[in-house]
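Enquirer: For reference, this is coords-v1.txt, and it has compact mmCIF, C-alpha atoms.
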# COMPACT_ATOMS: atom_id res chain seq x y z
CA MET U 219 0.00 0.00 0.00
CA ASP U 220 2.99 2.32 -0.44
CA SER U 221 1.19 4.13 -3.27
CA VAL U 222 -2.01 4.85 -1.32
CA GLY U 223 -2.61 7.93 0.81
CA VAL U 224 -5.54 9.14 2.88
CA VAL U 225 -6.95 12.66 3.27
CA ALA U 226 -9.40 13.19 6.15
CA ILE U 227 -11.11 16.49 6.92
CA GLY U 228 -12.99 17.61 10.00
CA ARG U 229 -13.74 20.07 12.76
CA ASN U 230 -14.56 19.26 16.37
CA GLU U 231 -15.35 15.63 15.60
CA GLY U 232 -14.12 14.38 18.97
CA ASP U 233 -14.07 10.61 19.34
CA ARG U 234 -15.39 10.23 15.80
CA LEU U 235 -12.06 11.57 14.56
CA ARG U 236 -10.18 9.06 16.69
CA GLN U 237 -12.17 6.24 15.09
CA CYS U 238 -11.64 7.70 11.64
CA LEU U 239 -7.87 8.06 11.86
CA SER U 240 -7.37 4.81 13.75
CA SER U 241 -9.07 3.01 10.89
CA VAL U 242 -6.52 4.23 8.32
CA VAL U 243 -3.21 4.92 10.10
CA GLY U 244 -0.97 1.97 9.32
CA ARG U 245 -3.13 0.85 6.41
CA ALA U 246 -1.91 3.54 4.00
CA ALA U 247 1.50 4.97 3.28
CA GLN U 248 0.51 8.45 4.46
CA VAL U 249 -2.46 9.94 6.30
CA VAL U 250 -3.15 13.67 6.20
CA TYR U 251 -5.75 15.30 8.43
CA VAL U 252 -7.03 18.77 7.51
CA ASP U 253 -8.47 20.70 10.43
CA SER U 254 -10.71 23.72 10.06
CA GLY U 255 -10.46 25.47 13.39
CA SER U 256 -11.25 22.74 15.92
CA THR U 257 -11.33 23.71 19.58
CA ASP U 258 -11.66 20.20 21.01
CA GLY U 259 -8.04 19.07 20.70
CA SER U 260 -8.50 17.43 17.31
CA VAL U 261 -5.14 18.67 16.03
CA GLU U 262 -3.24 17.19 18.97
CA LEU U 263 -5.24 13.97 18.73
CA ALA U 264 -4.48 13.57 15.03
CA ARG U 265 -0.75 14.09 15.58
CA SER U 266 -0.70 11.63 18.47
CA LEU U 267 -2.21 9.00 16.17
CA GLY U 268 0.48 9.54 13.54
CA ALA U 269 -1.34 11.70 11.02
CA GLU U 270 0.17 14.73 9.30
CA VAL U 271 -1.92 17.79 10.18
CA VAL U 272 -2.79 20.71 7.93
CA ALA U 273 -4.50 23.60 9.74
CA LEU U 274 -6.52 25.72 7.34
CA ASP U 275 -6.12 29.48 7.32
CA LEU U 276 -9.57 30.52 8.55
CA SER U 277 -9.13 34.09 7.31
CA ILE U 278 -10.14 32.56 3.98
CA PRO U 279 -13.76 31.31 3.93
CA PHE U 280 -13.85 27.59 4.66
CA THR U 281 -15.28 24.95 2.34
CA ALA U 282 -14.90 21.18 2.45
CA ALA U 283 -13.62 21.34 -1.13
CA ARG U 284 -10.83 23.73 -0.11
CA ALA U 285 -9.92 21.44 2.80
CA ARG U 286 -9.69 18.40 0.53
CA ASN U 287 -7.52 20.28 -1.95
CA ALA U 288 -5.18 21.37 0.84
CA GLY U 289 -4.91 17.83 2.14
CA PHE U 290 -4.36 16.43 -1.34
CA ALA U 291 -1.56 18.92 -2.03
CA ARG U 292 0.17 18.09 1.25
CA LEU U 293 -0.21 14.37 0.60
CA LEU U 294 1.61 14.65 -2.73
CA GLU U 295 4.41 16.62 -1.07
CA LEU U 296 4.90 13.83 1.46
CA LEU U 297 4.14 10.94 -0.88
CA PRO U 298 5.03 11.99 -4.45
CA GLN U 299 4.71 8.39 -5.66
CA ALA U 300 1.03 8.22 -4.62
CA GLU U 301 -1.22 6.62 -7.22
CA PHE U 302 -4.44 6.55 -5.20
CA VAL U 303 -6.01 8.73 -2.53
CA GLN U 304 -8.81 7.86 -0.15
CA PHE U 305 -10.85 10.90 0.82
CA VAL U 306 -12.88 10.54 4.00
CA ASP U 307 -14.85 12.80 6.32
CA GLY U 308 -13.72 12.97 9.93
CA ASP U 309 -17.02 11.56 11.18
CA CYS U 310 -16.54 8.33 9.22
CA GLU U 311 -14.61 5.14 9.93
CA ILE U 312 -13.10 3.19 7.01
CA VAL U 313 -14.24 -0.43 7.06
CA SER U 314 -11.44 -3.01 7.23
CA GLY U 315 -10.53 -4.29 3.78
CA TRP U 316 -12.14 -1.44 1.85
CA ILE U 317 -8.96 0.37 0.78
CA GLU U 318 -7.38 -2.84 -0.45
CA GLN U 319 -10.47 -3.84 -2.43
CA ALA U 320 -10.99 -0.37 -3.88
CA THR U 321 -7.33 -0.03 -4.87
CA GLN U 322 -7.43 -3.36 -6.66
CA ALA U 323 -10.56 -2.28 -8.52
CA LEU U 324 -8.82 0.84 -9.86
CA ARG U 325 -5.77 -1.22 -10.84
CA ASP U 326 -8.01 -3.65 -12.71
CA HIS U 327 -9.91 -0.88 -14.53
CA PRO U 328 -7.57 1.82 -15.86
CA ASP U 329 -10.49 3.91 -17.14
CA TRP U 330 -12.02 4.26 -13.65
CA ALA U 331 -11.17 7.46 -11.77
CA VAL U 332 -13.24 6.89 -8.62
CA VAL U 333 -14.64 3.95 -6.68
CA CYS U 334 -16.95 4.17 -3.72
CA GLY U 335 -18.91 1.62 -1.70
CA ARG U 336 -21.65 1.42 0.88
CA ARG U 337 -21.69 4.12 3.53
CA ARG U 338 -23.76 3.16 6.55
CA GLU U 339 -24.87 4.97 9.65
CA ARG U 340 -23.14 3.72 12.81
CA PHE U 341 -26.28 4.30 14.87
CA PRO U 342 -29.17 4.14 12.39
CA ASP U 343 -31.79 3.55 15.08
CA ALA U 344 -30.58 6.25 17.46
CA THR U 345 -32.79 8.92 15.87
CA LEU U 346 -35.23 9.19 13.00
CA TYR U 347 -32.82 11.52 11.20
CA ASN U 348 -29.97 9.01 11.41
CA ARG U 349 -32.23 6.39 9.87
CA LEU U 350 -33.15 8.74 7.02
CA CYS U 351 -29.44 9.24 6.33
CA ASP U 352 -28.81 5.50 6.30
CA MET U 353 -31.53 5.05 3.68
CA GLU U 354 -30.18 7.95 1.65
CA TRP U 355 -26.71 6.37 1.49
CA ASN U 356 -28.10 3.19 -0.09
CA THR U 357 -27.57 4.12 -3.74
CA PRO U 358 -27.38 1.59 -6.65
CA VAL U 359 -24.28 -0.49 -7.30
CA GLY U 360 -22.49 -0.17 -10.64
CA GLU U 361 -21.40 2.70 -12.87
CA ALA U 362 -22.49 5.99 -11.36
CA LYS U 363 -22.49 9.68 -12.15
CA ALA U 364 -21.05 10.77 -8.82
CA CYS U 365 -19.67 9.75 -5.45
CA GLY U 366 -19.95 11.21 -1.97
CA GLY U 367 -17.35 12.54 0.42
CA ASP U 368 -15.88 9.09 1.03
CA ALA U 369 -14.23 7.64 -2.08
CA LEU U 370 -10.94 6.26 -3.36
CA MET U 371 -9.64 8.19 -6.36
CA ARG U 372 -6.88 7.89 -8.91
CA VAL U 373 -4.35 10.64 -8.23
CA ALA U 374 -3.64 11.29 -11.93
CA ALA U 375 -7.34 11.81 -12.62
CA VAL U 376 -7.79 14.28 -9.75
CA GLN U 377 -4.72 16.19 -10.94
CA GLN U 378 -6.00 16.25 -14.51
CA VAL U 379 -9.14 18.19 -13.49
CA ARG U 380 -7.26 20.29 -10.89
CA GLY U 381 -9.04 18.87 -7.89
CA TYR U 382 -12.19 20.12 -6.23
CA ASN U 383 -13.81 23.47 -6.91
CA PRO U 384 -12.92 25.35 -3.69
CA ALA U 385 -15.75 27.88 -4.12
CA LEU U 386 -18.51 25.30 -3.66
CA ILE U 387 -20.03 25.09 -0.19
CA ALA U 388 -21.74 21.75 -0.94
CA GLY U 389 -21.98 19.20 -3.71
CA GLU U 390 -18.27 19.39 -4.45
CA GLU U 391 -17.88 15.64 -5.07
CA PRO U 392 -20.59 15.35 -7.78
CA GLU U 393 -19.21 18.50 -9.43
CA LEU U 394 -15.73 16.95 -9.47
CA CYS U 395 -17.21 13.79 -10.97
CA VAL U 396 -18.87 15.83 -13.73
CA ARG U 397 -15.48 17.16 -14.80
CA LEU U 398 -13.90 13.71 -14.53
CA ARG U 399 -16.57 12.15 -16.74
CA GLN U 400 -16.14 14.96 -19.24
CA GLN U 401 -12.52 13.82 -19.56
CA GLY U 402 -13.60 10.25 -20.27
CA TRP U 403 -13.18 8.80 -16.78
CA LYS U 404 -15.73 6.51 -15.11
CA ILE U 405 -17.16 6.50 -11.59
CA PHE U 406 -18.09 3.13 -10.08
CA ARG U 407 -19.81 2.03 -6.92
CA LEU U 408 -18.74 -1.37 -5.64
CA ASP U 409 -20.98 -3.77 -3.80
CA ALA U 410 -18.82 -3.50 -0.69
CA GLU U 411 -18.89 -1.97 2.76
CA MET U 412 -16.87 1.26 2.77
CA THR U 413 -17.48 3.50 5.78
CA LEU U 414 -19.43 3.87 9.01
CA HIS U 415 -20.82 7.40 9.37
CA ASP U 416 -22.15 9.15 12.45
CA ALA U 417 -24.67 11.79 11.41
CA ASN U 418 -25.48 12.52 15.05
CA MET U 419 -28.66 14.35 14.05
CA THR U 420 -31.10 14.74 16.90
CA ARG U 421 -33.12 17.84 16.03
CA PHE U 422 -35.48 18.92 13.26
CA ALA U 423 -33.43 22.11 12.81
CA GLN U 424 -30.40 20.02 11.85
CA TRP U 425 -32.39 18.12 9.26
CA TRP U 426 -33.75 21.42 7.88
CA LYS U 427 -30.29 22.95 7.50
CA ARG U 428 -28.90 19.79 5.91
CA THR U 429 -31.74 19.74 3.37
CA LYS U 430 -31.30 23.44 2.73
CA ARG U 431 -27.65 22.73 2.02
CA ALA U 432 -28.70 20.11 -0.54
CA GLY U 433 -30.96 22.64 -2.26
CA HIS U 434 -28.07 25.08 -2.46
CA ALA U 435 -25.88 22.36 -3.98
CA TYR U 436 -28.52 21.52 -6.60
CA ALA U 437 -28.88 25.16 -7.59
CA GLU U 438 -25.15 25.80 -7.83
CA GLY U 439 -24.51 22.53 -9.64
CA SER U 440 -27.18 23.22 -12.24
CA TRP U 441 -25.87 26.77 -12.66
CA LEU U 442 -22.37 25.48 -13.39
CA HIS U 443 -23.13 22.37 -15.46
CA GLY U 444 -26.82 22.56 -16.36
CA ALA U 445 -26.27 22.97 -20.09
CA PRO U 446 -26.73 19.95 -22.39
CA PRO U 447 -25.61 17.25 -22.57
CA GLU U 448 -24.74 17.08 -18.85
CA ARG U 449 -27.86 18.74 -17.41
CA HIS U 450 -26.28 18.35 -13.98
CA TRP U 451 -28.94 18.59 -11.26
CA VAL U 452 -31.35 20.49 -13.52
CA LYS U 453 -34.15 17.99 -12.83
CA GLU U 454 -33.62 18.21 -9.07
CA THR U 455 -33.59 22.00 -9.09
CA ARG U 456 -36.73 22.22 -11.22
CA SER U 457 -38.49 19.82 -8.86
CA ILE U 458 -37.66 22.11 -5.93
CA TRP U 459 -38.98 25.15 -7.78
CA LEU U 460 -42.18 23.32 -8.72
CA TRP U 461 -43.04 21.68 -5.40
CA GLY U 462 -41.45 24.24 -3.09
CA LEU U 463 -42.89 27.34 -4.74
CA GLY U 464 -44.84 26.86 -7.97
CA ILE U 465 -47.62 24.54 -6.80
CA PRO U 466 -48.39 26.15 -3.41
CA LEU U 467 -48.19 29.66 -4.87
CA GLY U 468 -50.38 28.75 -7.84
CA ALA U 469 -52.92 26.91 -5.69
CA ILE U 470 -53.36 29.87 -3.35
CA ALA U 471 -53.17 32.63 -5.98
CA LEU U 472 -55.75 30.99 -8.24
CA ALA U 473 -58.12 30.04 -5.43
CA PRO U 474 -60.33 33.19 -5.78
CA LEU U 475 -60.61 32.72 -9.54
CA THR U 476 -61.35 28.98 -9.35
CA LYS U 477 -63.65 29.13 -6.32
CA GLY U 478 -61.11 27.11 -4.41
CA LEU U 479 -60.71 24.34 -6.98
CA SER U 480 -57.04 25.21 -7.47
CA LEU U 481 -56.41 24.05 -3.91
CA LEU U 482 -56.83 20.51 -5.24
CA LEU U 483 -53.30 20.94 -6.60
CA LEU U 484 -52.10 20.47 -3.04
CA LEU U 485 -53.24 16.85 -3.24
CA GLY U 486 -50.11 16.31 -5.30
CA TYR U 487 -48.06 16.28 -2.09
CA PRO U 488 -49.69 13.23 -0.47
CA LEU U 489 -49.73 11.55 -3.90
CA MET U 490 -45.99 12.10 -4.29
CA ALA U 491 -45.40 10.84 -0.75
CA TYR U 492 -47.42 7.70 -1.49
CA ARG U 493 -45.43 6.96 -4.65
CA ILE U 494 -42.15 7.26 -2.74
CA TYR U 495 -43.52 5.16 0.10
CA ARG U 496 -44.63 2.43 -2.33
CA TYR U 497 -41.25 2.41 -4.05
CA PHE U 498 -39.35 1.84 -0.79
CA LYS U 499 -41.82 -0.81 0.32
CA GLN U 500 -41.11 -2.61 -2.95
CA GLN U 501 -37.40 -2.37 -2.17
CA GLY U 502 -37.99 -4.32 1.03
CA TYR U 503 -38.09 -1.49 3.59
CA LYS U 504 -40.47 -1.64 6.52
CA ALA U 505 -43.45 0.71 6.54
CA SER U 506 -42.00 2.40 9.64
CA ASP U 507 -38.97 3.39 7.54
CA ALA U 508 -40.60 4.02 4.16
CA LEU U 509 -43.27 6.36 5.49
CA PRO U 510 -41.01 8.90 7.26
CA TYR U 511 -38.57 8.80 4.34
CA ALA U 512 -41.39 9.62 1.93
CA ALA U 513 -42.56 12.43 4.20
CA SER U 514 -39.04 13.86 4.41
CA CYS U 515 -38.71 13.85 0.61
CA VAL U 516 -41.92 15.87 0.27
CA LEU U 517 -41.29 18.26 3.16
CA GLY U 518 -37.69 18.65 2.00
CA LYS U 519 -38.81 20.69 -1.01
CA PHE U 520 -39.26 23.69 1.27
CA PRO U 521 -35.83 23.88 2.95
CA GLY U 522 -34.46 22.91 -0.47
CA LEU U 523 -36.15 26.00 -1.88
CA ALA U 524 -34.54 28.12 0.85
CA GLY U 525 -31.14 26.82 -0.30
CA VAL U 526 -31.90 27.50 -3.97
CA LEU U 527 -33.04 31.05 -3.16
CA GLN U 528 -29.95 31.67 -1.02
CA PHE U 529 -27.64 30.66 -3.83
CA HIS U 530 -29.31 32.83 -6.46
CA ALA U 531 -29.73 35.81 -4.12
CA ASN U 532 -26.03 35.78 -3.27
CA ARG U 533 -25.12 35.27 -6.92
CA LEU U 534 -27.18 38.26 -8.07
CA LEU U 535 -25.89 40.45 -5.24
CA GLY U 536 -22.29 39.40 -5.81
CA ARG U 537 -21.92 38.01 -2.30
CA ARG U 538 -19.93 34.94 -1.39
CA ASN U 539 -22.08 32.02 -0.29
CA ALA U 540 -21.66 31.14 3.37
CA LEU U 541 -21.20 27.55 4.46
CA ILE U 542 -24.44 25.95 5.69
CA GLU U 543 -23.63 23.77 8.67
CA TYR U 544 -26.09 21.40 10.29
CA LYS U 545 -23.98 19.83 13.05
Show the structure stored in the file as structure tokens.
Expert:
Amino acid sequence: MDSVGVVAIGRNEGDRLRQCLSSVVGRAAQVVYVDSGSTDGSVELARSLGAEVVALDLSIPFTAARARNAGFARLLELLPQAEFVQFVDGDCEIVSGWIEQATQALRDHPDWAVVCGRRRERFPDATLYNRLCDMEWNTPVGEAKACGGDALMRVAAVQQVRGYNPALIAGEEPELCVRLRQQGWKIFRLDAEMTLHDANMTRFAQWWKRTKRAGHAYAEGSWLHGAPPERHWVKETRSIWLWGLGIPLGAIALAPLTKGLSLLLLLGYPLMAYRIYRYFKQQGYKASDALPYAASCVLGKFPGLAGVLQFHANRLLGRRNALIEYK
């Protein structure tokens, strides 16, 4: 594994960071931890575990993309022969055997730039929100358009597209994958356990902010790469506009002219929830899981709209988008 490095990023992750770094130190030639202003002793902890630490200059607005770029650059300084890099968030633990399996997959397929696997919640039953995250992580196996924050990448491919876009506050991995695919690379999800994640979401406000962040990512992604043939996140953004604003606004505005008949448009929300619920039931999920997931997908159009509006308002006003944090 002398050609494999790891870049972990985090802030105030506490014991989660210990689990993260302990799962990779000694299993890769070099581990770099990028800290973004932790006050819980994360820097000292990372050094005690044998990781190289990069402390970001917080006078420059922080983004996860910028942190990953900084860690990647430091990794190549320390390990210039690196062929592969495992990116991981500080609240995730790498499953034993994943790096070896993922590395072999990239060696076997020279046209693959990225491989990812199954991310699972460490405590899926601790809260409803943790369970929703665990269901969200369960994406199809095979060739994919994008990966998440945890993925093993080919160093040459990341260098070819000049790494992550540091200006993005969310959705930086799918945006990177867009540029990789435009260069002819492939993204693949293996049928393998990859990481254990700890969302640690206990409040509705956290879920709202996280979903708002997703809406922001959709809007920014479609703004950057929405033109044909990519049409990156155009469908998702249009869905937020329609269900978050268009339908409720139209139903209420037209109510006086239609003697209230336009309010029947609002029946589209329970219908959409039922379709999502039925889909997850067909996938083998219990009703107690499928129902809240369906409800979150429908309700999520509204914080998603807040994220879309934030992105476009800041864009039109020439303001830098601020990081939306939910933890």
Enquirer: Just want the 10 Å neighbourhood of Phe305 of chain U, counted on all atoms listed in the file, with same-chain residues fewer than 6 positions away dropped. Output as a ChimeraX atom specification.
Expert: /U:223-227,250,286,289-290,366-371
Enquirer: Hey, what's within 7 Å of segment 318-334 of chain U if we count all atoms listed in the file and toss same-chain stuff fewer than 3 positions away? As a ChimeraX atom specification, please?
Expert: /U:315,365,368-372,375,403-408
Enquirer: Could you check the closest approach to Arg399 of chain U for each of U:Thr413, U:Ala364, U:Ala423, U:Ile387 and tell me which residue wins, using only C-alpha atoms?
Expert: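 Of U:Thr413, U:Ala364, U:Ala423, U:Ile387, the one nearest Arg399 of chain U is U:Ala364, counting only C-alpha atoms.
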Enquirer: Give the answer as one residue: which of U:Asn348, U:Thr281, U:Asn383, U:Gln299 has the shortest atom-to-atom distance to Ala417 of chain U, using all atoms listed in the file?
Expert: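 Using all atoms listed in the file, the shortest distance to Ala417 of chain U belongs to U:Asn348.
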Enquirer: Got a sec: who's within 7 Å of Arg336 of chain U, counting all atoms listed in the file, leaving out chain neighbours fewer than 4 positions off, as a PyMOL selection string?
Expert: chain U and resi 356+410-413
Enquirer: Please report the interatomic distance between atom CA of Arg245 of chain U and atom CA of Leu414 of chain U in Å with one decimal.
Expert: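 Atom-to-atom, atom CA of Arg245 of chain U to atom CA of Leu414 of chain U, that is 16.8 Å.
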Enquirer: To one decimal in Å, tell me the separation between atom CA of Asn230 of chain U and atom CA of Ala288 of chain U.
Expert: 18.3 Å
Enquirer: Could you check which of U:Asn287, U:Gln500, U:Gln237, U:Ser506 is closest to Asp416 of chain U, using only C-alpha atoms?
Expert: U:Gln237
Enquirer: Between U:Gln304, U:Leu535, U:Leu394, U:Arg349, which is the closest to Lys504 of chain U once you count all atoms listed in the file?
Expert: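 The answer is U:Arg349, which sits nearest to Lys504 of chain U.
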Enquirer: So, counting all atoms listed in the file, which residue among U:Arg284, U:Thr257, U:Pro510, U:Ala388 is closest to Asn539 of chain U?
Expert: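 Selected residue with least distance to Asn539 of chain U: U:Ala388.
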Enquirer: Can you complete the atoms of segment 379-390 of chain U to all heavy atoms and list them as a PDB file, in the frame of the given file?
Expert:
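Dumped everything to result03.pdb:
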ATOM      1  N   VAL U 379      -8.050  17.208 -13.544  1.00  0.00           N
ATOM      2  CA  VAL U 379      -9.140  18.190 -13.490  1.00  0.00           C
ATOM      3  C   VAL U 379      -8.895  19.243 -12.415  1.00  0.00           C
ATOM      4  O   VAL U 379      -9.788  20.016 -12.069  1.00  0.00           O
ATOM      5  CB  VAL U 379     -10.487  17.484 -13.246  1.00  0.00           C
ATOM      6  CG1 VAL U 379     -10.820  16.555 -14.408  1.00  0.00           C
ATOM      7  CG2 VAL U 379     -10.497  16.721 -11.921  1.00  0.00           C
ATOM      8  N   ARG U 380      -7.675  19.271 -11.860  1.00  0.00           N
ATOM      9  CA  ARG U 380      -7.260  20.290 -10.890  1.00  0.00           C
ATOM     10  C   ARG U 380      -8.062  20.251  -9.601  1.00  0.00           C
ATOM     11  O   ARG U 380      -8.342  21.289  -8.983  1.00  0.00           O
ATOM     12  CB  ARG U 380      -7.306  21.679 -11.525  1.00  0.00           C
ATOM     13  CG  ARG U 380      -6.385  21.827 -12.725  1.00  0.00           C
ATOM     14  CD  ARG U 380      -6.348  23.223 -13.260  1.00  0.00           C
ATOM     15  NE  ARG U 380      -5.428  23.342 -14.388  1.00  0.00           N
ATOM     16  CZ  ARG U 380      -5.176  24.471 -15.047  1.00  0.00           C
ATOM     17  NH1 ARG U 380      -5.779  25.596 -14.677  1.00  0.00           N
ATOM     18  NH2 ARG U 380      -4.338  24.487 -16.067  1.00  0.00           N
ATOM     19  N   GLY U 381      -8.437  19.052  -9.198  1.00  0.00           N
ATOM     20  CA  GLY U 381      -9.040  18.870  -7.890  1.00  0.00           C
ATOM     21  C   GLY U 381     -10.452  19.409  -7.769  1.00  0.00           C
ATOM     22  O   GLY U 381     -11.165  19.615  -8.759  1.00  0.00           O
ATOM     23  N   TYR U 382     -10.848  19.628  -6.526  1.00  0.00           N
ATOM     24  CA  TYR U 382     -12.190  20.120  -6.230  1.00  0.00           C
ATOM     25  C   TYR U 382     -12.315  21.608  -6.517  1.00  0.00           C
ATOM     26  O   TYR U 382     -11.321  22.344  -6.486  1.00  0.00           O
ATOM     27  CB  TYR U 382     -12.519  19.882  -4.749  1.00  0.00           C
ATOM     28  CG  TYR U 382     -12.618  18.429  -4.347  1.00  0.00           C
ATOM     29  CD1 TYR U 382     -11.488  17.723  -3.938  1.00  0.00           C
ATOM     30  CD2 TYR U 382     -13.836  17.761  -4.349  1.00  0.00           C
ATOM     31  CE1 TYR U 382     -11.576  16.381  -3.551  1.00  0.00           C
ATOM     32  CE2 TYR U 382     -13.928  16.427  -3.969  1.00  0.00           C
ATOM     33  CZ  TYR U 382     -12.807  15.747  -3.576  1.00  0.00           C
ATOM     34  OH  TYR U 382     -12.876  14.433  -3.199  1.00  0.00           O
ATOM     35  N   ASN U 383     -13.537  22.042  -6.756  1.00  0.00           N
ATOM     36  CA  ASN U 383     -13.810  23.470  -6.910  1.00  0.00           C
ATOM     37  C   ASN U 383     -13.921  24.081  -5.523  1.00  0.00           C
ATOM     38  O   ASN U 383     -14.908  23.854  -4.818  1.00  0.00           O
ATOM     39  CB  ASN U 383     -15.119  23.667  -7.683  1.00  0.00           C
ATOM     40  CG  ASN U 383     -15.448  25.132  -7.945  1.00  0.00           C
ATOM     41  OD1 ASN U 383     -14.933  26.021  -7.270  1.00  0.00           O
ATOM     42  ND2 ASN U 383     -16.294  25.389  -8.911  1.00  0.00           N
ATOM     43  N   PRO U 384     -12.941  24.877  -5.082  1.00  0.00           N
ATOM     44  CA  PRO U 384     -12.920  25.350  -3.690  1.00  0.00           C
ATOM     45  C   PRO U 384     -14.014  26.349  -3.355  1.00  0.00           C
ATOM     46  O   PRO U 384     -14.250  26.638  -2.187  1.00  0.00           O
ATOM     47  CB  PRO U 384     -11.535  25.998  -3.570  1.00  0.00           C
ATOM     48  CG  PRO U 384     -11.191  26.417  -4.964  1.00  0.00           C
ATOM     49  CD  PRO U 384     -11.778  25.373  -5.857  1.00  0.00           C
ATOM     50  N   ALA U 385     -14.705  26.878  -4.373  1.00  0.00           N
ATOM     51  CA  ALA U 385     -15.750  27.880  -4.120  1.00  0.00           C
ATOM     52  C   ALA U 385     -17.072  27.248  -3.712  1.00  0.00           C
ATOM     53  O   ALA U 385     -17.944  27.930  -3.161  1.00  0.00           O
ATOM     54  CB  ALA U 385     -15.957  28.743  -5.365  1.00  0.00           C
ATOM     55  N   LEU U 386     -17.239  25.952  -3.956  1.00  0.00           N
ATOM     56  CA  LEU U 386     -18.510  25.300  -3.660  1.00  0.00           C
ATOM     57  C   LEU U 386     -18.652  25.044  -2.169  1.00  0.00           C
ATOM     58  O   LEU U 386     -17.734  24.539  -1.528  1.00  0.00           O
ATOM     59  CB  LEU U 386     -18.617  23.972  -4.404  1.00  0.00           C
ATOM     60  CG  LEU U 386     -18.550  24.024  -5.936  1.00  0.00           C
ATOM     61  CD1 LEU U 386     -18.762  22.631  -6.514  1.00  0.00           C
ATOM     62  CD2 LEU U 386     -19.590  24.984  -6.497  1.00  0.00           C
ATOM     63  N   ILE U 387     -19.817  25.349  -1.613  1.00  0.00           N
ATOM     64  CA  ILE U 387     -20.030  25.090  -0.190  1.00  0.00           C
ATOM     65  C   ILE U 387     -20.668  23.720   0.036  1.00  0.00           C
ATOM     66  O   ILE U 387     -20.736  23.235   1.160  1.00  0.00           O
ATOM     67  CB  ILE U 387     -20.902  26.172   0.467  1.00  0.00           C
ATOM     68  CG1 ILE U 387     -22.344  26.092  -0.032  1.00  0.00           C
ATOM     69  CG2 ILE U 387     -20.322  27.555   0.245  1.00  0.00           C
ATOM     70  CD1 ILE U 387     -23.304  26.899   0.802  1.00  0.00           C
ATOM     71  N   ALA U 388     -21.141  23.093  -1.022  1.00  0.00           N
ATOM     72  CA  ALA U 388     -21.740  21.750  -0.940  1.00  0.00           C
ATOM     73  C   ALA U 388     -21.778  21.164  -2.345  1.00  0.00           C
ATOM     74  O   ALA U 388     -21.703  21.901  -3.335  1.00  0.00           O
ATOM     75  CB  ALA U 388     -23.146  21.816  -0.353  1.00  0.00           C
ATOM     76  N   GLY U 389     -21.897  19.852  -2.414  1.00  0.00           N
ATOM     77  CA  GLY U 389     -21.980  19.200  -3.710  1.00  0.00           C
ATOM     78  C   GLY U 389     -20.684  19.199  -4.486  1.00  0.00           C
ATOM     79  O   GLY U 389     -20.674  19.054  -5.712  1.00  0.00           O
ATOM     80  N   GLU U 390     -19.557  19.302  -3.759  1.00  0.00           N
ATOM     81  CA  GLU U 390     -18.270  19.390  -4.450  1.00  0.00           C
ATOM     82  C   GLU U 390     -17.854  18.065  -5.078  1.00  0.00           C
ATOM     83  O   GLU U 390     -17.155  18.059  -6.103  1.00  0.00           O
ATOM     84  CB  GLU U 390     -17.178  19.885  -3.494  1.00  0.00           C
ATOM     85  CG  GLU U 390     -16.833  18.980  -2.329  1.00  0.00           C
ATOM     86  CD  GLU U 390     -17.742  19.146  -1.131  1.00  0.00           C
ATOM     87  OE1 GLU U 390     -18.692  19.968  -1.211  1.00  0.00           O
ATOM     88  OE2 GLU U 390     -17.513  18.460  -0.127  1.00  0.00           O
TER      89      GLU U 390
END
